[in-house]
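Step one of this worksheet: look at the structure below.
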Amino acid sequence: MIAPIDFSIAEGKAGAPNRKQHSAPEAKRDPKPELGGNEALITVSYEGHRVPHFAIDVALTFDALESMVLEVTGAEAAYQKVFGSGRLLKRPGDGVAATLEASGVRPGSTVRVVCTSQQAVEEVHERDAGLGKFDGVRGFEEEDGVERRRHEAAPMFAQPASGSVGGHGFARIEPLVCDPLTGEAYTTPPPEEARALLERLAGDRGIQAIMKRRGWRVGLLTELPANEQTGLIGKSGQCLLGLNKNMGEEILLRLRTSDNKGFRPYYAIMETLVHELCHIVVPEHPPKFWQLFGELRREADASDWTKARGHAVSDWAADRRRPAPSGGAAGGKGPE
């Protein structure tokens, strides 16, 4: 059973929903080592194992870092991905002794290493080998079979969200199961709760009224991860709250708080969704975009979606200010 969520803003921590349950005590973290003048901090994620942090001189090479990681993880052989400044660092080729600093690691920075054991990689390869691969050539009988199955198969789209009918609404709704940047699984809250929130947004009476009136249909409604790549509120200069791909093919919404321990307030996510729906017909942010945005907000307000399904959100109705040209998001960068 999905635990109820209070979308009110917690005192002292804006945007953090309160859970109606006792959470498990937070695990103790390993103390961070003191860094020298030319050292960077290394944190290691290795298949759920607890690995101590350590420091490394940025004048050392990738090979030296790899050896130190293998030593602290106790792994005989492992695949390693190294992330710094929110991006994957490219490892130099064999025989090239490039230093970490030459690859973009600066003294005092934090570098994250994600490890996968040799055994796990081999298991994936074995499963892939068992599936077989299409060589690109089909006979006439195979082509007939493919065409027949295509016509007889059930629709690939998920069932429409509550309230979606006919040619409007959202064809598919999919939450993220992990952070695409680090590979860490989402657990607090889990993907099931993220799906429930996306379905609530898609089935909202105000959103359905907007899309039905204009015949709008979106291929996929999904999550936009909150990480160093999209920006972290309070840590990054800019934060992306939403994205519309190919004018309605996909809409991505930032559901989670920057610490990935809760959801952002419902009314804030809803406002981002309305913003992204505008991009179905207006790609950039000219004056006509903001005119349409204000029109859709009024329509949604008239449909009373702030009180739908027993959730009262007075902030939407109270906030009548014209949004800033940047989108009014944290750090100066709003939904795209």
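Chain labels A, B, ... are given in the sequence in which chains occur in the structure tokens; within each chain residues are numbered consecutively from 1, and ligands are likewise numbered from 1 in the order shown.
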query = DSSP on the backbone: what in region 62-128 of chain A comes out strand (DSSP E), as a list in words?
reply = Ala78, Tyr79, Gln80, Lys81, Val82, Phe83, Gly84, Arg87, Leu88, Thr110, Val111, Arg112, Val113, Val114, Cys115, Thr116 and Ser117 of chain A
Restrict the selected residues to C-alpha atoms and save them as an mmCIF file, in the first residue's frame.
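So selection.cif came out as:
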data_model
loop_
_atom_site.group_PDB
_atom_site.id
_atom_site.type_symbol
_atom_site.label_atom_id
_atom_site.label_comp_id
_atom_site.auth_asym_id
_atom_site.auth_seq_id
_atom_site.Cartn_x
_atom_site.Cartn_y
_atom_site.Cartn_z
ATOM 1 C CA ALA A 78 35.712 -4.344 -11.801
ATOM 2 C CA TYR A 79 34.455 -1.903 -14.410
ATOM 3 C CA GLN A 80 34.703 1.684 -13.240
ATOM 4 C CA LYS A 81 32.975 4.878 -14.340
ATOM 5 C CA VAL A 82 34.435 8.118 -13.018
ATOM 6 C CA PHE A 83 32.232 11.208 -12.621
ATOM 7 C CA GLY A 84 33.436 14.722 -11.875
ATOM 8 C CA ARG A 87 29.808 14.557 -16.067
ATOM 9 C CA LEU A 88 31.435 11.294 -17.027
ATOM 10 C CA THR A 110 34.714 15.505 -5.286
ATOM 11 C CA VAL A 111 34.986 12.611 -7.731
ATOM 12 C CA ARG A 112 32.493 9.740 -7.759
ATOM 13 C CA VAL A 113 33.496 6.290 -8.954
ATOM 14 C CA VAL A 114 30.747 3.776 -9.809
ATOM 15 C CA CYS A 115 32.008 0.173 -9.879
ATOM 16 C CA THR A 116 30.490 -2.964 -11.370
ATOM 17 C CA SER A 117 31.965 -6.357 -10.584
#
request  = For Arg50 (chain A), list every protein, DNA or RNA residue within 9 Å, evaluated using only C-alpha atoms, and leave out those in the same chain fewer than 4 positions away; present the list as number ranges by chain.
outcome  = A: 30, 44-46, 73
message = Could you list, as a ChimeraX atom specification, every residue within 8 Å of region 183-198 of chain A, counting only C-alpha atoms and ignoring same-chain residues fewer than 2 positions away?
response = /A:2,173-181,200-202,221-222,255,260-263
message = Neighbouring residues of Pro283 (chain A) were defined as those with any atom within 10 Å, considering only C-alpha atoms; residues of the same chain fewer than 4 positions away were excluded. Please report them as a list in words.
response = Asn244, Lys245, Asn246, Met247, Glu276, Cys278, His279, Phe289 and Glu336 of chain A
